Amino acid sequence: MWQLIVFLAATIASYFIPSPQEFKNAFQAGQNYFVSRDYKNAIRMYDYILYTESKFVKEDSIKVGILNNEYIISVRAAAAYMKGNAFKQMNYSDSAIYYFRIVSLRKDELRLAALAQFQIYDIYYKLGRYDEAINEAFKLFIRFPQDKKSEQALYDIGWAYREINRLDSSIVIFHKLLEKYPTTEYYARALYQIAQNYFDLGNYNLALEHWLELITKFQPEIFTKTDWEKIELKAEKERRLFEVTEGRDVETTDLELVAKAYIKIGDAYRKLKNYDLAISYYKKIITTFTLIPSLQEVAWIKIADYTLEEKGIDEAIHIYRDAIDQNFANKKLQAKFQL
């Protein structure tokens, strides 16, 4: 008799107590809703996982994958993170931060905790709340120094300080990034920005020091044909590519930074009233970056403009004639110089 009672109890319970597969199915449903941008229904599925209690199933033992299975984590941690992400997509910043904070404080999913902490400071950064972004990014760096996101945290702190015009602090942080992570993917960008900060502060000699270090460490020969093709294609689409200031969220290749550094070195020497060195670096662009006509165009214009300022109209006209003669095959460039 008692065996029958146990069987009936178990059968009835099975109708009300979710199994591990049901949690996985709910999470997948939530992900499907998320991908289709139906964030409210995604949150409904994540809530099912977060708030359904079960005496027979330990949810944290159920693993699911997020971000193309880069993270294989407990289903509840995944649901909390994705709920935060859904709120972020809906621009409900406070709610997003609340759930990311829950995940960031977990002790059992450290990689995910670091990613959640990144999301917190990223929200503040994009809201223009730079002091809070700096504070939260420092938390990431201090708690997870070995995580790759810590490299990005320092890089973003450097940019946040720049956004609030604390250029000296920005320089210190970018230097810390280079010292702490000498193989970081942000090396060229941080080095370039240190130089730019010094340039904006009027310290042209230190700006030169760092731009010269950049072009020494990342010489044009190390880049592939594909790198060159990409930068020229981008330059054709964005005509002011080599003049615009960098930004935290601007996608920039190392080759692009090297190309810009040559221009900026010339500009720095011009600020220092050193005509010969300025012109020599502008001319290096013409001989070094032969695969990027748009960059050569910028260099020729700068040479002519500075020559006009320093040597007069006759010398400037001579420069334009040289440019036309040396770019015989580039009709577009010739037309521009003849205007």
# chains A, B, ... in the order shown; residues from 1 in each chain; ligands from 1
call {"tool": "residues_around", "arguments": {"residues": "stretch 72-77 of chain A", "least_positions_apart": "2", "cutoff": "12 Å", "atoms": "only C-alpha atoms", "output": "PyMOL selection string"}}
result
chain A and resi 20-28+30-31+45-53+57-70+79-84+99-113+115-116
call {"tool": "write_last_selection", "arguments": {"atoms": "C-alpha atoms", "output": "mmCIF file, in the first residue's frame"}}
result
data_model
loop_
_atom_site.group_PDB
_atom_site.id
_atom_site.type_symbol
_atom_site.label_atom_id
_atom_site.label_comp_id
_atom_site.auth_asym_id
_atom_site.auth_seq_id
_atom_site.Cartn_x
_atom_site.Cartn_y
_atom_site.Cartn_z
ATOM 1 C CA PRO A 20 16.194 20.089 -15.206
ATOM 2 C CA GLN A 21 15.147 19.861 -18.845
ATOM 3 C CA GLU A 22 12.219 22.196 -18.220
ATOM 4 C CA PHE A 23 14.602 24.810 -16.840
ATOM 5 C CA LYS A 24 16.807 24.390 -19.913
ATOM 6 C CA ASN A 25 13.782 24.646 -22.198
ATOM 7 C CA ALA A 26 12.617 27.785 -20.407
ATOM 8 C CA PHE A 27 16.049 29.351 -20.780
ATOM 9 C CA GLN A 28 16.202 28.502 -24.480
ATOM 10 C CA GLY A 30 13.958 33.128 -23.206
ATOM 11 C CA GLN A 31 16.966 33.287 -25.510
ATOM 12 C CA MET A 45 11.018 33.059 -19.089
ATOM 13 C CA TYR A 46 14.045 34.219 -17.102
ATOM 14 C CA ASP A 47 11.761 34.944 -14.141
ATOM 15 C CA TYR A 48 10.379 31.416 -14.334
ATOM 16 C CA ILE A 49 13.926 30.147 -13.840
ATOM 17 C CA LEU A 50 14.821 32.659 -11.141
ATOM 18 C CA TYR A 51 11.708 32.346 -9.005
ATOM 19 C CA THR A 52 10.476 28.779 -9.447
ATOM 20 C CA GLU A 53 11.385 26.793 -6.353
ATOM 21 C CA VAL A 57 16.117 20.095 -8.519
ATOM 22 C CA LYS A 58 19.174 22.172 -7.680
ATOM 23 C CA GLU A 59 19.043 24.835 -10.369
ATOM 24 C CA ASP A 60 22.704 25.821 -10.003
ATOM 25 C CA SER A 61 23.685 22.309 -11.064
ATOM 26 C CA ILE A 62 21.925 22.812 -14.398
ATOM 27 C CA LYS A 63 24.313 24.296 -16.956
ATOM 28 C CA VAL A 64 23.471 26.335 -20.061
ATOM 29 C CA GLY A 65 25.538 28.326 -22.536
ATOM 30 C CA ILE A 66 25.445 32.012 -23.410
ATOM 31 C CA LEU A 67 27.359 34.181 -25.893
ATOM 32 C CA ASN A 68 27.832 31.360 -28.397
ATOM 33 C CA ASN A 69 28.628 28.984 -25.537
ATOM 34 C CA GLU A 70 31.687 30.994 -24.533
ATOM 35 C CA ALA A 79 18.918 33.900 -16.350
ATOM 36 C CA ALA A 80 19.902 36.762 -14.020
ATOM 37 C CA TYR A 81 22.554 37.976 -16.447
ATOM 38 C CA MET A 82 20.252 37.774 -19.455
ATOM 39 C CA LYS A 83 17.456 39.510 -17.556
ATOM 40 C CA GLY A 84 19.876 42.360 -16.883
ATOM 41 C CA TYR A 99 20.413 42.280 -11.996
ATOM 42 C CA PHE A 100 23.968 42.702 -13.271
ATOM 43 C CA ARG A 101 24.936 43.561 -9.698
ATOM 44 C CA ILE A 102 23.441 40.292 -8.447
ATOM 45 C CA VAL A 103 25.551 38.383 -10.952
ATOM 46 C CA SER A 104 28.696 40.423 -10.299
ATOM 47 C CA LEU A 105 28.624 39.446 -6.621
ATOM 48 C CA ARG A 106 28.484 35.706 -7.270
ATOM 49 C CA LYS A 107 31.456 33.692 -6.024
ATOM 50 C CA ASP A 108 30.870 30.625 -8.187
ATOM 51 C CA GLU A 109 30.835 32.171 -11.679
ATOM 52 C CA LEU A 110 33.814 34.538 -11.664
ATOM 53 C CA ARG A 111 34.136 35.062 -15.428
ATOM 54 C CA LEU A 112 30.453 35.882 -15.638
ATOM 55 C CA ALA A 113 30.757 38.110 -12.562
ATOM 56 C CA LEU A 115 31.352 40.403 -17.441
ATOM 57 C CA ALA A 116 28.402 41.616 -15.349
#
call {"tool": "residues_around", "arguments": {"residues": "A:Glu151", "least_positions_apart": "4", "cutoff": "9 Å", "atoms": "only C-alpha atoms", "output": "ChimeraX atom specification"}}
result
/A:141,145-147,155-156,177,180-181,184-186
call {"tool": "closest_residue", "arguments": {"among": "A:Phe87, A:Tyr282, A:Tyr198, A:Tyr275", "to": "A:Arg44", "atoms": "only C-alpha atoms"}}
result
A:Phe87
call {"tool": "residues_around", "arguments": {"residues": "A:Lys283", "least_positions_apart": "2", "cutoff": "9 Å", "atoms": "only C-alpha atoms", "output": "list of chain:residue names"}}
result
A:Ala278, A:Ile279, A:Ser280, A:Tyr281, A:Ile285, A:Ile286, A:Thr287, A:Thr288, A:Gln296, A:Ala299, A:Trp300, A:Ile303
call {"tool": "atom_distance", "arguments": {"atom1": "atom CA of A:Ala190", "atom2": "atom CA of A:Asp276"}}
result
28.4 Å
call {"tool": "select_by_dssp", "arguments": {"residues": "stretch 90-152 of chain A", "states": "helix (DSSP H, G or I)", "output": "MDAnalysis selection string"}}
result
chainID A and resid 93:104 110:126 130:143 148:152
call {"tool": "write_last_selection", "arguments": {"atoms": "N, CA and C atoms", "output": "short mmCIF file (atom, residue, chain, number, x, y, z; two decimals), in the first residue's frame"}}
result
data_model
loop_
_atom_site.label_atom_id
_atom_site.label_comp_id
_atom_site.auth_asym_id
_atom_site.auth_seq_id
_atom_site.Cartn_x
_atom_site.Cartn_y
_atom_site.Cartn_z
N SER A 93 17.85 51.28 -17.30
CA SER A 93 19.21 51.19 -16.77
C SER A 93 19.26 50.73 -15.32
N ASP A 94 18.40 51.29 -14.47
CA ASP A 94 18.43 50.93 -13.05
C ASP A 94 18.12 49.45 -12.84
N SER A 95 17.13 48.95 -13.57
CA SER A 95 16.78 47.53 -13.45
C SER A 95 17.90 46.65 -13.99
N ALA A 96 18.51 47.08 -15.09
CA ALA A 96 19.62 46.31 -15.66
C ALA A 96 20.77 46.23 -14.66
N ILE A 97 21.12 47.37 -14.07
CA ILE A 97 22.21 47.40 -13.10
C ILE A 97 21.90 46.52 -11.90
N TYR A 98 20.65 46.51 -11.46
CA TYR A 98 20.25 45.68 -10.31
C TYR A 98 20.56 44.21 -10.57
N TYR A 99 20.19 43.70 -11.72
CA TYR A 99 20.41 42.28 -12.00
C TYR A 99 21.87 41.99 -12.34
N PHE A 100 22.53 42.91 -13.03
CA PHE A 100 23.97 42.70 -13.27
C PHE A 100 24.73 42.69 -11.95
N ARG A 101 24.28 43.52 -11.00
CA ARG A 101 24.94 43.56 -9.70
C ARG A 101 24.80 42.22 -8.98
N ILE A 102 23.64 41.61 -9.06
CA ILE A 102 23.44 40.29 -8.45
C ILE A 102 24.45 39.30 -9.00
N VAL A 103 24.62 39.32 -10.31
CA VAL A 103 25.55 38.38 -10.95
C VAL A 103 26.99 38.73 -10.60
N SER A 104 27.31 40.01 -10.55
CA SER A 104 28.70 40.42 -10.30
C SER A 104 29.19 40.02 -8.91
N LEU A 110 32.98 33.34 -11.70
CA LEU A 110 33.81 34.54 -11.66
C LEU A 110 33.94 35.22 -13.03
N ARG A 111 34.04 34.44 -14.10
CA ARG A 111 34.14 35.06 -15.43
C ARG A 111 32.86 35.82 -15.74
N LEU A 112 31.73 35.22 -15.40
CA LEU A 112 30.45 35.88 -15.64
C LEU A 112 30.31 37.09 -14.72
N ALA A 113 30.81 36.98 -13.49
CA ALA A 113 30.76 38.11 -12.56
C ALA A 113 31.54 39.29 -13.12
N ALA A 114 32.70 39.02 -13.72
CA ALA A 114 33.50 40.09 -14.32
C ALA A 114 32.75 40.72 -15.49
N LEU A 115 32.12 39.89 -16.30
CA LEU A 115 31.35 40.40 -17.44
C LEU A 115 30.19 41.26 -16.96
N ALA A 116 29.52 40.84 -15.90
CA ALA A 116 28.40 41.62 -15.35
C ALA A 116 28.89 42.96 -14.81
N GLN A 117 30.06 42.95 -14.16
CA GLN A 117 30.62 44.20 -13.65
C GLN A 117 30.97 45.14 -14.80
N PHE A 118 31.45 44.57 -15.90
CA PHE A 118 31.69 45.37 -17.11
C PHE A 118 30.39 46.01 -17.59
N GLN A 119 29.31 45.25 -17.60
CA GLN A 119 28.03 45.78 -18.07
C GLN A 119 27.57 46.94 -17.20
N ILE A 120 27.83 46.87 -15.91
CA ILE A 120 27.42 47.94 -15.00
C ILE A 120 28.12 49.25 -15.36
N TYR A 121 29.45 49.18 -15.49
CA TYR A 121 30.15 50.44 -15.78
C TYR A 121 29.90 50.90 -17.21
N ASP A 122 29.64 49.95 -18.11
CA ASP A 122 29.35 50.33 -19.49
C ASP A 122 28.04 51.12 -19.57
N ILE A 123 27.06 50.74 -18.77
CA ILE A 123 25.79 51.48 -18.73
C ILE A 123 26.04 52.91 -18.25
N TYR A 124 26.78 53.05 -17.15
CA TYR A 124 27.06 54.39 -16.63
C TYR A 124 27.82 55.22 -17.67
N TYR A 125 28.78 54.57 -18.35
CA TYR A 125 29.58 55.30 -19.33
C TYR A 125 28.69 55.84 -20.45
N LYS A 126 27.83 54.98 -20.97
CA LYS A 126 26.98 55.39 -22.09
C LYS A 126 25.93 56.42 -21.67
N TYR A 130 30.20 59.60 -15.91
CA TYR A 130 31.57 59.12 -16.00
C TYR A 130 32.20 58.81 -14.64
N ASP A 131 31.87 59.60 -13.62
CA ASP A 131 32.43 59.32 -12.29
C ASP A 131 31.99 57.95 -11.80
N GLU A 132 30.71 57.62 -12.00
CA GLU A 132 30.21 56.30 -11.59
C GLU A 132 30.81 55.20 -12.46
N ALA A 133 30.99 55.49 -13.74
CA ALA A 133 31.61 54.51 -14.63
C ALA A 133 33.03 54.21 -14.17
N ILE A 134 33.78 55.25 -13.82
CA ILE A 134 35.15 55.08 -13.35
C ILE A 134 35.18 54.22 -12.08
N ASN A 135 34.29 54.53 -11.15
CA ASN A 135 34.23 53.79 -9.89
C ASN A 135 33.94 52.31 -10.12
N GLU A 136 32.96 52.02 -10.97
CA GLU A 136 32.58 50.62 -11.22
C GLU A 136 33.66 49.89 -12.03
N ALA A 137 34.32 50.60 -12.94
CA ALA A 137 35.39 49.97 -13.72
C ALA A 137 36.58 49.63 -12.83
N PHE A 138 36.88 50.51 -11.88
CA PHE A 138 37.95 50.20 -10.93
C PHE A 138 37.62 48.95 -10.11
N LYS A 139 36.34 48.79 -9.76
CA LYS A 139 35.94 47.59 -9.02
C LYS A 139 36.26 46.33 -9.83
N LEU A 140 36.00 46.38 -11.13
CA LEU A 140 36.29 45.24 -11.99
C LEU A 140 37.79 44.94 -11.99
N PHE A 141 38.59 45.98 -12.18
CA PHE A 141 40.04 45.81 -12.24
C PHE A 141 40.58 45.25 -10.93
N ILE A 142 40.08 45.74 -9.80
CA ILE A 142 40.58 45.30 -8.49
C ILE A 142 40.15 43.87 -8.19
N ARG A 143 38.91 43.52 -8.50
CA ARG A 143 38.40 42.18 -8.16
C ARG A 143 38.85 41.10 -9.15
N LYS A 148 40.33 39.24 -18.84
CA LYS A 148 40.58 40.11 -19.99
C LYS A 148 39.79 41.41 -19.91
N LYS A 149 38.64 41.36 -19.26
CA LYS A 149 37.82 42.56 -19.15
C LYS A 149 38.50 43.65 -18.32
N SER A 150 39.49 43.27 -17.50
CA SER A 150 40.20 44.26 -16.71
C SER A 150 41.05 45.16 -17.60
N GLU A 151 41.56 44.60 -18.70
CA GLU A 151 42.31 45.42 -19.65
C GLU A 151 41.39 46.49 -20.24
N GLN A 152 40.21 46.05 -20.64
CA GLN A 152 39.25 47.00 -21.20
C GLN A 152 38.81 48.01 -20.15
#
call {"tool": "closest_residue", "arguments": {"among": "A:Ile263, A:Trp159, A:Asp314, A:Lys273", "to": "A:Ile301", "atoms": "only C-alpha atoms"}}
result
A:Ile263
call {"tool": "atom_distance", "arguments": {"atom1": "atom CA of A:Ile194", "atom2": "atom CA of A:Ile171"}}
result
5.3 Å
call {"tool": "residues_around", "arguments": {"residues": "A:Leu255", "least_positions_apart": "2", "cutoff": "9 Å", "atoms": "only C-alpha atoms", "output": "list in words"}}
result
Phe218, Gln219, Pro220, Phe223, Asp227, Trp228, Ile231, Thr252, Thr253, Leu257, Val258, Ala259 and Lys260 of chain A
call {"tool": "write_last_selection", "arguments": {"atoms": "N, CA and C atoms", "output": "PDB file, in the first residue's frame"}}
result
ATOM      1  N   PHE A 218      55.095  49.592 -34.028  1.00  0.00           N
ATOM      2  CA  PHE A 218      54.140  49.065 -35.004  1.00  0.00           C
ATOM      3  C   PHE A 218      54.492  49.599 -36.397  1.00  0.00           C
ATOM      4  N   GLN A 219      55.583  49.108 -36.923  1.00  0.00           N
ATOM      5  CA  GLN A 219      56.014  49.585 -38.232  1.00  0.00           C
ATOM      6  C   GLN A 219      55.106  49.049 -39.336  1.00  0.00           C
ATOM      7  N   PRO A 220      54.893  49.824 -40.392  1.00  0.00           N
ATOM      8  CA  PRO A 220      53.941  49.449 -41.451  1.00  0.00           C
ATOM      9  C   PRO A 220      54.195  48.068 -42.060  1.00  0.00           C
ATOM     10  N   PHE A 223      52.118  44.759 -41.093  1.00  0.00           N
ATOM     11  CA  PHE A 223      50.700  44.599 -41.379  1.00  0.00           C
ATOM     12  C   PHE A 223      50.486  43.856 -42.692  1.00  0.00           C
ATOM     13  N   ASP A 227      44.992  44.171 -44.104  1.00  0.00           N
ATOM     14  CA  ASP A 227      44.953  45.344 -43.227  1.00  0.00           C
ATOM     15  C   ASP A 227      44.964  46.628 -44.051  1.00  0.00           C
ATOM     16  N   TRP A 228      45.825  46.660 -45.064  1.00  0.00           N
ATOM     17  CA  TRP A 228      45.936  47.852 -45.909  1.00  0.00           C
ATOM     18  C   TRP A 228      44.656  48.074 -46.708  1.00  0.00           C
ATOM     19  N   ILE A 231      41.816  49.504 -44.447  1.00  0.00           N
ATOM     20  CA  ILE A 231      41.944  50.903 -44.044  1.00  0.00           C
ATOM     21  C   ILE A 231      41.641  51.841 -45.202  1.00  0.00           C
ATOM     22  N   THR A 252      38.964  51.090 -34.357  1.00  0.00           N
ATOM     23  CA  THR A 252      40.177  51.562 -34.997  1.00  0.00           C
ATOM     24  C   THR A 252      41.191  50.435 -35.062  1.00  0.00           C
ATOM     25  N   THR A 253      41.807  50.243 -36.219  1.00  0.00           N
ATOM     26  CA  THR A 253      42.842  49.228 -36.348  1.00  0.00           C
ATOM     27  C   THR A 253      44.191  49.835 -35.954  1.00  0.00           C
ATOM     28  N   LEU A 257      45.923  53.650 -36.652  1.00  0.00           N
ATOM     29  CA  LEU A 257      46.547  54.493 -35.632  1.00  0.00           C
ATOM     30  C   LEU A 257      47.959  54.880 -36.026  1.00  0.00           C
ATOM     31  N   VAL A 258      48.696  53.928 -36.602  1.00  0.00           N
ATOM     32  CA  VAL A 258      50.053  54.225 -37.053  1.00  0.00           C
ATOM     33  C   VAL A 258      50.019  55.300 -38.140  1.00  0.00           C
ATOM     34  N   ALA A 259      49.087  55.154 -39.087  1.00  0.00           N
ATOM     35  CA  ALA A 259      48.950  56.136 -40.160  1.00  0.00           C
ATOM     36  C   ALA A 259      48.639  57.518 -39.583  1.00  0.00           C
ATOM     37  N   LYS A 260      47.716  57.563 -38.630  1.00  0.00           N
ATOM     38  CA  LYS A 260      47.365  58.842 -38.018  1.00  0.00           C
ATOM     39  C   LYS A 260      48.536  59.412 -37.234  1.00  0.00           C
TER      40      LYS A 260
END
call {"tool": "atom_distance", "arguments": {"atom1": "atom CA of A:Glu163", "atom2": "atom CA of A:Leu191"}}
result
17.3 Å
call {"tool": "closest_residue", "arguments": {"among": "A:Leu272, A:Ala160, A:Leu308, A:Glu229", "to": "A:Pro293", "atoms": "only C-alpha atoms"}}
result
A:Glu229
call {"tool": "closest_residue", "arguments": {"among": "A:His318, A:Arg162, A:Lys225, A:Ser169", "to": "A:Asp200", "atoms": "only C-alpha atoms"}}
result
A:Arg162
call {"tool": "closest_residue", "arguments": {"among": "A:Asn91, A:Ala316, A:Tyr262, A:Gln326", "to": "A:Ala304", "atoms": "only C-alpha atoms"}}
result
A:Ala316
call {"tool": "select_by_dssp", "arguments": {"residues": "stretch 41-132 of chain A", "states": "strand (DSSP E or B)", "output": "PyMOL selection string"}}
result
chain A and resi 63-66+71-74
